[in-house]
Amino acid sequence: MRRYDWLREIRRLDPERDFLRIYRITATHEFPWDITRALELALYRTYAVPSIGRLLAETAELTDRTQKRYDDTALLLDAVVEHGFDGEDGRTAIRRINQMHRSYDISNEDMRYVLCTFVVVPKRWLDEYGWRRLSEHEKRAMAAYYRTLGRHMGITELPETFQDFERCLDDYEEAHFGWDEGARRVSDATLDLMAGWYGPLAPVVRGASMALLDDALLDAFRYDRPKPAVQSAVRTALKLRAKAVRLLPPRRTPHYARQNPEIKGYPDGFRVADLGTFPAPRRAGGCPVPHGEGPTVS
């Protein structure tokens with residue numbers, strides 16, 4: 001295989017019909033490391049919406065059991081990518097996600113915003129730090145993938161195109177980003193977790209992570225602005241990494257999030273049905289989409 005063979009394969013597919021296949025290639029062959037980092041940043045951004053950050057602080061999942069929450073979130077989202085919307089593990093993952101979310105009073109607008117971060121943040125990350133930018137086929141497929149996930153989660157008034165997702169995200173952040181003490185605790189716990197993966201380098205990694213945050217996030221959490229020299233060094237290092245990755249041969253086998261070294265809570269394996277928390281339900285947590293009646297995704 002040559003470096004751009006996967007991109008050529010993507011361009012032969014239909015982004016509206018074959019969106020799952022395209023997104024799998026993008027996330028597990030072309031950019032597995034970058035997509036992982038971008039989705040971490042996507043979830044982190046949501047804490048800056050006080051209604052989201054405050055709820056996460058109240059559940060204590062991200063402050064008292066940070067590693068488990070990280071693992072479970074990554075593995076549940078990963079199961080849908082790997083097994084699809086109609087595969088047994090994919091359906092189980094969606095059911096678990098819905099059971100957890102529906103145990104709390106979360107607005108449709110907040111749920112939709114979180115979904116938007118999964119679409120927009122990876123694209124923006126790859127624009128800056130990827131070994132290539134996403135193609136139009138990939139952007140359309142990513143929008144279709146998360147639009148489908150949103151339907152399975154019962155989210156309404158979903159954006160249609162990538163541009164719609166982007167506009168929804170930017171408008172929501174402009175209207176809702178702000179300070180909340182609980183959200184700041186969740187932010188600190190998340191940064192400490194990620195830095196802690198690197199042992200004695202933790203202070204350096206935490207500083208590097210802060211250097212990747214934009215001003216809107218820094219202001220929402222009331223963090224001091226990183227020094228420009230630190231920001232420049234971190235961003236230059238990521239761009240140099242991208243140039244090196246561009247020279248590598250393409251990945252022949254998929255790399256899923258469950259294979260990442262950051263997943264530490266299940267050394268002996270896991271069952272998708274056991275992931276996450278089991279709070280008292282407010283209402284049924286199944287998938288709202290009748291299976292077998294929607295469009296085929298494979």
# chains A, B, ... in the order shown; residues from 1 in each chain; ligands from 1

$ select_by_dssp --residues "range 59-216 of chain A" --states "helix (DSSP H, G or I)" --output "short mmCIF file (atom, residue, chain, number, x, y, z; two decimals) with N, CA and C atoms, in the first residue's frame"
data_model
loop_
_atom_site.label_atom_id
_atom_site.label_comp_id
_atom_site.auth_asym_id
_atom_site.auth_seq_id
_atom_site.Cartn_x
_atom_site.Cartn_y
_atom_site.Cartn_z
N THR A 59 -22.11 14.60 39.73
CA THR A 59 -22.06 13.14 39.69
C THR A 59 -20.77 12.60 40.28
N GLU A 61 -18.23 11.64 38.89
CA GLU A 61 -17.59 10.60 38.09
C GLU A 61 -16.24 11.08 37.54
N LEU A 62 -16.16 12.35 37.17
CA LEU A 62 -14.93 12.86 36.59
C LEU A 62 -13.99 13.48 37.61
N THR A 63 -14.40 13.57 38.85
CA THR A 63 -13.50 14.08 39.87
C THR A 63 -13.02 12.97 40.80
N ASP A 64 -13.87 11.99 41.09
CA ASP A 64 -13.50 10.91 42.02
C ASP A 64 -13.09 9.63 41.31
N THR A 66 -11.93 9.45 37.80
CA THR A 66 -11.61 10.06 36.51
C THR A 66 -11.15 9.04 35.48
N GLN A 67 -10.26 8.12 35.88
CA GLN A 67 -9.77 7.14 34.92
C GLN A 67 -10.89 6.23 34.43
N LYS A 68 -11.75 5.79 35.32
CA LYS A 68 -12.85 4.92 34.90
C LYS A 68 -13.78 5.66 33.95
N ARG A 69 -14.11 6.89 34.25
CA ARG A 69 -14.99 7.66 33.37
C ARG A 69 -14.34 7.84 32.00
N TYR A 70 -13.04 8.12 31.98
CA TYR A 70 -12.33 8.25 30.71
C TYR A 70 -12.42 6.94 29.92
N ASP A 71 -12.08 5.83 30.59
CA ASP A 71 -12.09 4.53 29.93
C ASP A 71 -13.47 4.20 29.37
N ASP A 72 -14.49 4.34 30.20
CA ASP A 72 -15.83 3.93 29.79
C ASP A 72 -16.34 4.77 28.63
N THR A 73 -16.08 6.08 28.67
CA THR A 73 -16.52 6.95 27.58
C THR A 73 -15.84 6.55 26.27
N ALA A 74 -14.53 6.37 26.32
CA ALA A 74 -13.79 6.00 25.11
C ALA A 74 -14.25 4.65 24.57
N LEU A 75 -14.44 3.68 25.46
CA LEU A 75 -14.79 2.33 25.02
C LEU A 75 -16.22 2.25 24.48
N LEU A 76 -17.14 2.99 25.06
CA LEU A 76 -18.52 2.97 24.55
C LEU A 76 -18.60 3.62 23.17
N LEU A 77 -17.95 4.75 23.00
CA LEU A 77 -17.94 5.39 21.68
C LEU A 77 -17.22 4.51 20.66
N ASP A 78 -16.13 3.87 21.11
CA ASP A 78 -15.34 3.01 20.23
C ASP A 78 -16.14 1.79 19.77
N ALA A 79 -16.99 1.26 20.64
CA ALA A 79 -17.77 0.07 20.29
C ALA A 79 -18.71 0.35 19.11
N VAL A 80 -19.25 1.55 19.05
CA VAL A 80 -20.13 1.89 17.93
C VAL A 80 -19.33 2.00 16.65
N VAL A 81 -18.15 2.61 16.71
CA VAL A 81 -17.30 2.70 15.52
C VAL A 81 -16.93 1.31 15.02
N GLU A 82 -16.55 0.43 15.94
CA GLU A 82 -16.07 -0.90 15.55
C GLU A 82 -17.19 -1.81 15.07
N HIS A 83 -18.34 -1.78 15.75
CA HIS A 83 -19.39 -2.77 15.50
C HIS A 83 -20.59 -2.19 14.75
N GLU A 88 -24.35 -6.15 17.61
CA GLU A 88 -24.79 -6.36 18.99
C GLU A 88 -24.07 -5.45 19.97
N ASP A 89 -22.73 -5.38 19.88
CA ASP A 89 -21.99 -4.54 20.82
C ASP A 89 -22.24 -3.06 20.56
N GLY A 90 -22.43 -2.69 19.30
CA GLY A 90 -22.75 -1.30 19.00
C GLY A 90 -24.09 -0.89 19.61
N ARG A 91 -25.08 -1.76 19.46
CA ARG A 91 -26.41 -1.46 20.03
C ARG A 91 -26.35 -1.44 21.55
N THR A 92 -25.58 -2.35 22.13
CA THR A 92 -25.44 -2.36 23.59
C THR A 92 -24.78 -1.08 24.08
N ALA A 93 -23.76 -0.61 23.35
CA ALA A 93 -23.07 0.63 23.74
C ALA A 93 -24.03 1.82 23.71
N ILE A 94 -24.84 1.91 22.66
CA ILE A 94 -25.81 3.00 22.58
C ILE A 94 -26.83 2.91 23.70
N ARG A 95 -27.28 1.69 24.00
CA ARG A 95 -28.24 1.52 25.08
C ARG A 95 -27.63 1.96 26.42
N ARG A 96 -26.37 1.64 26.67
CA ARG A 96 -25.71 2.05 27.91
C ARG A 96 -25.58 3.58 27.95
N ILE A 97 -25.18 4.20 26.84
CA ILE A 97 -25.07 5.65 26.78
C ILE A 97 -26.42 6.30 27.09
N ASN A 98 -27.47 5.77 26.50
CA ASN A 98 -28.80 6.35 26.72
C ASN A 98 -29.28 6.14 28.15
N GLN A 99 -29.02 4.98 28.71
CA GLN A 99 -29.44 4.72 30.09
C GLN A 99 -28.77 5.70 31.05
N MET A 100 -27.50 5.99 30.82
CA MET A 100 -26.81 6.93 31.70
C MET A 100 -27.32 8.35 31.53
N HIS A 101 -27.41 8.80 30.28
CA HIS A 101 -27.84 10.18 30.04
C HIS A 101 -29.26 10.43 30.51
N ASN A 108 -31.90 18.92 25.48
CA ASN A 108 -31.60 18.53 24.11
C ASN A 108 -30.50 19.42 23.53
N GLU A 109 -30.50 20.69 23.90
CA GLU A 109 -29.50 21.63 23.37
C GLU A 109 -28.09 21.26 23.84
N ASP A 110 -27.97 20.88 25.12
CA ASP A 110 -26.66 20.46 25.60
C ASP A 110 -26.20 19.17 24.93
N MET A 111 -27.11 18.22 24.78
CA MET A 111 -26.77 16.96 24.11
C MET A 111 -26.33 17.22 22.67
N ARG A 112 -27.04 18.08 21.99
CA ARG A 112 -26.70 18.39 20.60
C ARG A 112 -25.33 19.08 20.53
N TYR A 113 -25.06 19.96 21.47
CA TYR A 113 -23.76 20.63 21.48
C TYR A 113 -22.62 19.63 21.65
N VAL A 114 -22.77 18.69 22.60
CA VAL A 114 -21.74 17.68 22.80
C VAL A 114 -21.50 16.91 21.50
N LEU A 115 -22.57 16.54 20.82
CA LEU A 115 -22.45 15.83 19.55
C LEU A 115 -21.68 16.69 18.54
N CYS A 116 -21.95 17.97 18.53
CA CYS A 116 -21.25 18.87 17.60
C CYS A 116 -19.75 18.88 17.84
N THR A 117 -19.34 18.79 19.11
CA THR A 117 -17.90 18.79 19.37
C THR A 117 -17.22 17.58 18.75
N PHE A 118 -17.93 16.43 18.69
CA PHE A 118 -17.33 15.22 18.11
C PHE A 118 -17.09 15.37 16.61
N VAL A 119 -17.84 16.23 15.97
CA VAL A 119 -17.71 16.45 14.54
C VAL A 119 -16.69 17.54 14.25
N VAL A 120 -16.80 18.65 14.95
CA VAL A 120 -16.04 19.85 14.59
C VAL A 120 -14.62 19.84 15.14
N VAL A 121 -14.45 19.44 16.39
CA VAL A 121 -13.12 19.51 17.00
C VAL A 121 -12.10 18.62 16.28
N PRO A 122 -12.43 17.36 15.91
CA PRO A 122 -11.45 16.57 15.16
C PRO A 122 -11.04 17.22 13.85
N LYS A 123 -11.99 17.79 13.13
CA LYS A 123 -11.64 18.45 11.87
C LYS A 123 -10.69 19.61 12.11
N ARG A 124 -10.97 20.41 13.11
CA ARG A 124 -10.11 21.56 13.40
C ARG A 124 -8.74 21.12 13.90
N TRP A 125 -8.70 20.04 14.70
CA TRP A 125 -7.41 19.51 15.14
C TRP A 125 -6.59 19.06 13.94
N LEU A 126 -7.20 18.32 13.03
CA LEU A 126 -6.47 17.81 11.88
C LEU A 126 -6.04 18.92 10.94
N ASP A 127 -6.81 19.99 10.86
CA ASP A 127 -6.38 21.15 10.07
C ASP A 127 -5.06 21.69 10.58
N GLU A 128 -4.87 21.64 11.90
CA GLU A 128 -3.66 22.19 12.50
C GLU A 128 -2.54 21.17 12.64
N TYR A 129 -2.87 19.94 13.03
CA TYR A 129 -1.84 19.00 13.46
C TYR A 129 -1.88 17.65 12.75
N GLU A 136 -13.35 16.41 1.64
CA GLU A 136 -14.78 16.72 1.71
C GLU A 136 -15.60 15.46 1.95
N HIS A 137 -15.18 14.33 1.34
CA HIS A 137 -15.87 13.06 1.58
C HIS A 137 -15.85 12.71 3.07
N GLU A 138 -14.71 12.90 3.71
CA GLU A 138 -14.59 12.57 5.13
C GLU A 138 -15.44 13.49 6.00
N LYS A 139 -15.45 14.77 5.69
CA LYS A 139 -16.28 15.70 6.47
C LYS A 139 -17.76 15.37 6.32
N ARG A 140 -18.19 15.04 5.12
CA ARG A 140 -19.59 14.68 4.92
C ARG A 140 -19.92 13.37 5.64
N ALA A 141 -19.00 12.41 5.58
CA ALA A 141 -19.23 11.13 6.26
C ALA A 141 -19.25 11.29 7.77
N MET A 142 -18.36 12.14 8.31
CA MET A 142 -18.34 12.37 9.74
C MET A 142 -19.65 13.00 10.22
N ALA A 143 -20.15 13.96 9.44
CA ALA A 143 -21.43 14.58 9.79
C ALA A 143 -22.55 13.54 9.76
N ALA A 144 -22.55 12.68 8.74
CA ALA A 144 -23.59 11.66 8.62
C ALA A 144 -23.48 10.63 9.75
N TYR A 145 -22.26 10.27 10.11
CA TYR A 145 -22.06 9.30 11.20
C TYR A 145 -22.63 9.84 12.52
N TYR A 146 -22.27 11.06 12.86
CA TYR A 146 -22.72 11.59 14.15
C TYR A 146 -24.18 12.04 14.11
N ARG A 147 -24.68 12.37 12.94
CA ARG A 147 -26.12 12.62 12.83
C ARG A 147 -26.88 11.33 13.12
N THR A 148 -26.36 10.21 12.63
CA THR A 148 -26.99 8.92 12.90
C THR A 148 -26.87 8.55 14.38
N LEU A 149 -25.70 8.78 14.97
CA LEU A 149 -25.55 8.53 16.40
C LEU A 149 -26.52 9.39 17.20
N GLY A 150 -26.66 10.65 16.80
CA GLY A 150 -27.60 11.54 17.48
C GLY A 150 -29.03 11.03 17.42
N ARG A 151 -29.45 10.49 16.28
CA ARG A 151 -30.80 9.93 16.17
C ARG A 151 -30.97 8.75 17.13
N HIS A 152 -29.95 7.91 17.22
CA HIS A 152 -30.02 6.76 18.11
C HIS A 152 -30.02 7.17 19.58
N PHE A 162 -21.80 19.29 7.66
CA PHE A 162 -20.68 19.65 8.53
C PHE A 162 -20.74 21.13 8.89
N GLN A 163 -21.06 21.97 7.91
CA GLN A 163 -21.13 23.41 8.17
C GLN A 163 -22.20 23.72 9.21
N ASP A 164 -23.30 22.98 9.19
CA ASP A 164 -24.35 23.17 10.19
C ASP A 164 -23.84 22.79 11.58
N PHE A 165 -23.09 21.68 11.68
CA PHE A 165 -22.52 21.29 12.96
C PHE A 165 -21.57 22.38 13.47
N GLU A 166 -20.76 22.91 12.56
CA GLU A 166 -19.78 23.93 12.94
C GLU A 166 -20.47 25.20 13.43
N ARG A 167 -21.49 25.62 12.72
CA ARG A 167 -22.22 26.82 13.11
C ARG A 167 -22.92 26.62 14.46
N CYS A 168 -23.50 25.45 14.66
CA CYS A 168 -24.18 25.15 15.92
C CYS A 168 -23.21 25.20 17.08
N LEU A 169 -22.02 24.61 16.90
CA LEU A 169 -21.01 24.62 17.96
C LEU A 169 -20.57 26.04 18.29
N ASP A 170 -20.21 26.80 17.28
CA ASP A 170 -19.70 28.15 17.53
C ASP A 170 -20.75 29.03 18.19
N ASP A 171 -21.97 28.95 17.74
CA ASP A 171 -23.04 29.76 18.33
C ASP A 171 -23.30 29.37 19.78
N TYR A 172 -23.28 28.06 20.05
CA TYR A 172 -23.57 27.60 21.42
C TYR A 172 -22.47 28.01 22.38
N GLU A 173 -21.23 27.89 21.93
CA GLU A 173 -20.13 28.28 22.80
C GLU A 173 -20.15 29.78 23.08
N GLU A 174 -20.43 30.57 22.06
CA GLU A 174 -20.48 32.02 22.26
C GLU A 174 -21.56 32.40 23.26
N ALA A 175 -22.67 31.68 23.22
CA ALA A 175 -23.79 32.01 24.09
C ALA A 175 -23.65 31.43 25.50
N HIS A 176 -22.92 30.31 25.65
CA HIS A 176 -23.00 29.57 26.91
C HIS A 176 -21.69 29.37 27.66
N GLU A 181 -17.70 26.82 39.30
CA GLU A 181 -16.71 26.25 40.21
C GLU A 181 -16.61 24.73 40.05
N GLY A 182 -17.76 24.07 39.91
CA GLY A 182 -17.74 22.62 39.73
C GLY A 182 -17.07 22.22 38.43
N ALA A 183 -17.35 22.97 37.37
CA ALA A 183 -16.73 22.68 36.08
C ALA A 183 -15.22 22.83 36.15
N ARG A 184 -14.76 23.81 36.91
CA ARG A 184 -13.31 23.98 37.07
C ARG A 184 -12.71 22.76 37.77
N ARG A 185 -13.40 22.20 38.75
CA ARG A 185 -12.90 20.99 39.42
C ARG A 185 -12.80 19.83 38.43
N VAL A 186 -13.80 19.70 37.57
CA VAL A 186 -13.78 18.65 36.56
C VAL A 186 -12.63 18.87 35.59
N SER A 187 -12.42 20.11 35.20
CA SER A 187 -11.31 20.43 34.30
C SER A 187 -9.97 20.08 34.92
N ASP A 188 -9.77 20.48 36.18
CA ASP A 188 -8.51 20.18 36.86
C ASP A 188 -8.28 18.68 36.97
N ALA A 189 -9.33 17.93 37.30
CA ALA A 189 -9.20 16.48 37.45
C ALA A 189 -8.83 15.82 36.12
N THR A 190 -9.42 16.32 35.04
CA THR A 190 -9.13 15.75 33.72
C THR A 190 -7.69 16.04 33.31
N LEU A 191 -7.23 17.27 33.50
CA LEU A 191 -5.85 17.62 33.17
C LEU A 191 -4.88 16.82 34.02
N ASP A 192 -5.19 16.63 35.30
CA ASP A 192 -4.32 15.85 36.18
C ASP A 192 -4.26 14.39 35.74
N LEU A 193 -5.40 13.84 35.31
CA LEU A 193 -5.41 12.46 34.83
C LEU A 193 -4.48 12.30 33.63
N MET A 194 -4.66 13.15 32.63
CA MET A 194 -3.89 13.02 31.39
C MET A 194 -2.40 13.25 31.64
N ALA A 195 -2.08 14.21 32.49
CA ALA A 195 -0.68 14.44 32.81
C ALA A 195 -0.09 13.28 33.60
N GLY A 196 -0.92 12.68 34.47
CA GLY A 196 -0.45 11.59 35.31
C GLY A 196 -0.05 10.34 34.55
N GLY A 199 3.94 10.02 34.29
CA GLY A 199 4.83 9.90 35.44
C GLY A 199 5.57 11.19 35.75
N PRO A 200 6.91 11.13 35.79
CA PRO A 200 7.68 12.32 36.17
C PRO A 200 7.55 13.48 35.18
N LEU A 201 7.07 13.20 34.00
CA LEU A 201 6.87 14.28 33.01
C LEU A 201 5.53 14.97 33.17
N ALA A 202 4.77 14.61 34.20
CA ALA A 202 3.41 15.13 34.36
C ALA A 202 3.35 16.66 34.32
N PRO A 203 4.22 17.39 35.03
CA PRO A 203 4.12 18.85 34.96
C PRO A 203 4.33 19.40 33.55
N VAL A 204 5.23 18.79 32.81
CA VAL A 204 5.49 19.24 31.44
C VAL A 204 4.27 18.97 30.56
N VAL A 205 3.68 17.77 30.71
CA VAL A 205 2.52 17.40 29.91
C VAL A 205 1.33 18.29 30.25
N ARG A 206 1.15 18.59 31.53
CA ARG A 206 0.04 19.46 31.92
C ARG A 206 0.21 20.84 31.29
N GLY A 207 1.44 21.35 31.33
CA GLY A 207 1.70 22.64 30.70
C GLY A 207 1.47 22.62 29.20
N ALA A 208 1.87 21.51 28.58
CA ALA A 208 1.66 21.37 27.14
C ALA A 208 0.17 21.30 26.81
N SER A 209 -0.59 20.60 27.65
CA SER A 209 -2.03 20.51 27.43
C SER A 209 -2.68 21.89 27.54
N MET A 210 -2.27 22.67 28.52
CA MET A 210 -2.80 24.02 28.68
C MET A 210 -2.48 24.89 27.47
N ALA A 211 -1.32 24.64 26.86
CA ALA A 211 -0.91 25.43 25.70
C ALA A 211 -1.77 25.17 24.48
N ASP A 215 -8.31 30.67 23.90
CA ASP A 215 -8.57 31.71 24.90
C ASP A 215 -9.97 31.56 25.51
N ALA A 216 -10.95 31.15 24.72
CA ALA A 216 -12.31 31.01 25.25
C ALA A 216 -12.36 29.97 26.37
#

$ residues_around --residues "Ala220 in chain A" --least-positions-apart "5" --cutoff "9 Å" --atoms "only C-alpha atoms" --output "PDB file with C-alpha atoms, in the first residue's frame"
ATOM      1  CA  ALA A  48     -16.960  25.053  29.823  1.00  0.00           C
ATOM      2  CA  VAL A  49     -20.749  25.054  29.385  1.00  0.00           C
ATOM      3  CA  PHE A 177     -19.300  29.350  27.764  1.00  0.00           C
ATOM      4  CA  GLY A 178     -18.752  30.663  31.293  1.00  0.00           C
ATOM      5  CA  TRP A 179     -17.373  30.122  34.772  1.00  0.00           C
ATOM      6  CA  ASP A 180     -18.589  27.434  37.141  1.00  0.00           C
ATOM      7  CA  ARG A 184     -13.306  23.984  37.066  1.00  0.00           C
ATOM      8  CA  ASP A 215      -8.575  31.710  24.898  1.00  0.00           C
TER       9      ASP A 215
END

$ atom_distance --atom1 "CA of Leu248 in chain A" --atom2 "CA of Trp33 in chain A"
13.8 Å

$ closest_residue --among "A:Pro254, A:Pro267, A:Arg102, A:Ile10" --to "Met153 in chain A" --atoms "only C-alpha atoms"
A:Arg102

$ atom_distance --atom1 "CA of Arg24 in chain A" --atom2 "CA of Tyr4 in chain A"
15.7 Å

$ closest_residue --among "A:Leu218, A:Ile155, A:Leu20, A:Leu213" --to "Phe85 in chain A" --atoms "only C-alpha atoms"
A:Leu20

$ residues_around --residues "Arg241 in chain A" --least-positions-apart "3" --cutoff "12 Å" --atoms "only C-alpha atoms" --output "MDAnalysis selection string"
chainID A and resid 33:34 128:132 234:238 244:248

$ write_last_selection --atoms "all heavy atoms" --output "short mmCIF file (atom, residue, chain, number, x, y, z; two decimals), in the first residue's frame"
data_model
loop_
_atom_site.label_atom_id
_atom_site.label_comp_id
_atom_site.auth_asym_id
_atom_site.auth_seq_id
_atom_site.Cartn_x
_atom_site.Cartn_y
_atom_site.Cartn_z
N TRP A 33 -4.28 8.24 16.38
CA TRP A 33 -3.74 9.03 17.49
C TRP A 33 -4.40 10.41 17.52
O TRP A 33 -4.80 10.89 18.58
CB TRP A 33 -2.23 9.17 17.33
CG TRP A 33 -1.56 9.84 18.51
CD1 TRP A 33 -1.12 9.24 19.65
CD2 TRP A 33 -1.27 11.24 18.65
NE1 TRP A 33 -0.56 10.18 20.50
CE2 TRP A 33 -0.64 11.41 19.91
CE3 TRP A 33 -1.48 12.35 17.85
CZ2 TRP A 33 -0.22 12.66 20.38
CZ3 TRP A 33 -1.06 13.60 18.30
CH2 TRP A 33 -0.45 13.75 19.55
N ASP A 34 -4.51 11.02 16.38
CA ASP A 34 -5.08 12.37 16.31
C ASP A 34 -6.55 12.39 16.70
O ASP A 34 -7.00 13.30 17.41
CB ASP A 34 -4.91 12.94 14.90
CG ASP A 34 -3.47 13.20 14.55
OD1 ASP A 34 -2.93 14.24 14.96
OD2 ASP A 34 -2.87 12.36 13.85
N GLU A 128 -4.87 21.64 11.90
CA GLU A 128 -3.66 22.19 12.50
C GLU A 128 -2.54 21.17 12.64
O GLU A 128 -1.37 21.49 12.39
CB GLU A 128 -3.99 22.75 13.90
CG GLU A 128 -4.83 24.01 13.88
CD GLU A 128 -4.07 25.21 13.34
OE1 GLU A 128 -2.85 25.31 13.58
OE2 GLU A 128 -4.69 26.04 12.66
N TYR A 129 -2.87 19.94 13.03
CA TYR A 129 -1.84 19.00 13.46
C TYR A 129 -1.88 17.65 12.75
O TYR A 129 -1.09 16.76 13.09
CB TYR A 129 -1.97 18.75 14.98
CG TYR A 129 -2.03 20.02 15.79
CD1 TYR A 129 -3.12 20.32 16.60
CD2 TYR A 129 -0.98 20.94 15.74
CE1 TYR A 129 -3.18 21.48 17.35
CE2 TYR A 129 -1.03 22.12 16.48
CZ TYR A 129 -2.13 22.39 17.28
OH TYR A 129 -2.19 23.55 18.01
N GLY A 130 -2.77 17.46 11.81
CA GLY A 130 -2.83 16.19 11.09
C GLY A 130 -1.80 16.12 9.98
O GLY A 130 -1.34 17.14 9.47
N TRP A 131 -1.47 14.90 9.56
CA TRP A 131 -0.50 14.76 8.48
C TRP A 131 -1.11 15.13 7.12
O TRP A 131 -0.40 15.35 6.15
CB TRP A 131 0.09 13.34 8.46
CG TRP A 131 -0.86 12.23 8.12
CD1 TRP A 131 -1.58 11.48 8.98
CD2 TRP A 131 -1.16 11.73 6.81
NE1 TRP A 131 -2.32 10.55 8.31
CE2 TRP A 131 -2.08 10.66 6.97
CE3 TRP A 131 -0.74 12.06 5.52
CZ2 TRP A 131 -2.59 9.94 5.89
CZ3 TRP A 131 -1.24 11.34 4.44
CH2 TRP A 131 -2.15 10.30 4.63
N ARG A 132 -2.42 15.18 7.08
CA ARG A 132 -3.15 15.79 5.97
C ARG A 132 -4.47 16.29 6.52
O ARG A 132 -4.88 15.94 7.62
CB ARG A 132 -3.39 14.79 4.82
CG ARG A 132 -4.33 13.64 5.16
CD ARG A 132 -4.74 12.88 3.92
NE ARG A 132 -5.54 11.70 4.23
CZ ARG A 132 -6.86 11.72 4.45
NH1 ARG A 132 -7.52 12.88 4.42
NH2 ARG A 132 -7.52 10.61 4.73
N VAL A 234 4.90 23.87 21.77
CA VAL A 234 4.00 22.72 21.74
C VAL A 234 3.40 22.55 20.35
O VAL A 234 3.36 21.45 19.79
CB VAL A 234 2.90 22.88 22.81
CG1 VAL A 234 1.83 21.80 22.64
CG2 VAL A 234 3.50 22.80 24.20
N ARG A 235 2.92 23.62 19.78
CA ARG A 235 2.26 23.54 18.48
C ARG A 235 3.25 23.21 17.38
O ARG A 235 2.93 22.47 16.44
CB ARG A 235 1.50 24.83 18.22
CG ARG A 235 0.36 25.00 19.22
CD ARG A 235 -0.36 26.33 19.15
NE ARG A 235 -1.35 26.41 20.23
CZ ARG A 235 -2.19 27.40 20.39
NH1 ARG A 235 -2.19 28.43 19.54
NH2 ARG A 235 -3.05 27.39 21.40
N THR A 236 4.47 23.71 17.50
CA THR A 236 5.51 23.36 16.52
C THR A 236 5.85 21.88 16.61
O THR A 236 6.02 21.20 15.58
CB THR A 236 6.77 24.20 16.76
OG1 THR A 236 6.45 25.59 16.56
CG2 THR A 236 7.88 23.80 15.80
N ALA A 237 5.94 21.35 17.83
CA ALA A 237 6.25 19.92 18.01
C ALA A 237 5.18 19.05 17.36
O ALA A 237 5.49 18.04 16.70
CB ALA A 237 6.37 19.59 19.49
N LEU A 238 3.90 19.42 17.51
CA LEU A 238 2.83 18.64 16.90
C LEU A 238 2.86 18.72 15.38
O LEU A 238 2.59 17.73 14.68
CB LEU A 238 1.48 19.12 17.43
CG LEU A 238 1.15 18.71 18.86
CD1 LEU A 238 -0.09 19.45 19.36
CD2 LEU A 238 0.94 17.21 18.97
N ALA A 244 6.45 13.99 10.14
CA ALA A 244 7.05 12.67 10.24
C ALA A 244 6.05 11.57 9.92
O ALA A 244 6.37 10.61 9.21
CB ALA A 244 7.62 12.48 11.66
N VAL A 245 4.81 11.71 10.42
CA VAL A 245 3.78 10.70 10.16
C VAL A 245 3.47 10.62 8.67
O VAL A 245 3.21 9.53 8.13
CB VAL A 245 2.51 11.02 10.97
CG1 VAL A 245 1.35 10.11 10.57
CG2 VAL A 245 2.79 10.89 12.46
N ARG A 246 3.52 11.75 7.98
CA ARG A 246 3.24 11.76 6.54
C ARG A 246 4.21 10.86 5.77
O ARG A 246 3.88 10.33 4.70
CB ARG A 246 3.32 13.20 6.01
CG ARG A 246 2.83 13.35 4.57
CD ARG A 246 2.90 14.79 4.10
NE ARG A 246 2.05 15.65 4.91
CZ ARG A 246 2.47 16.72 5.56
NH1 ARG A 246 3.76 17.06 5.53
NH2 ARG A 246 1.62 17.45 6.26
N LEU A 247 5.40 10.66 6.31
CA LEU A 247 6.41 9.85 5.65
C LEU A 247 6.26 8.35 5.94
O LEU A 247 6.93 7.53 5.32
CB LEU A 247 7.81 10.30 6.07
CG LEU A 247 8.17 11.76 5.75
CD1 LEU A 247 9.54 12.10 6.32
CD2 LEU A 247 8.12 12.01 4.25
N LEU A 248 5.39 8.01 6.90
CA LEU A 248 5.22 6.61 7.27
C LEU A 248 4.33 5.87 6.26
O LEU A 248 3.51 6.49 5.58
CB LEU A 248 4.58 6.51 8.66
CG LEU A 248 5.38 7.08 9.83
CD1 LEU A 248 4.55 7.01 11.11
CD2 LEU A 248 6.70 6.34 10.00
#

$ atom_distance --atom1 "CA of Pro250 in chain A" --atom2 "CA of Leu13 in chain A"
18.6 Å
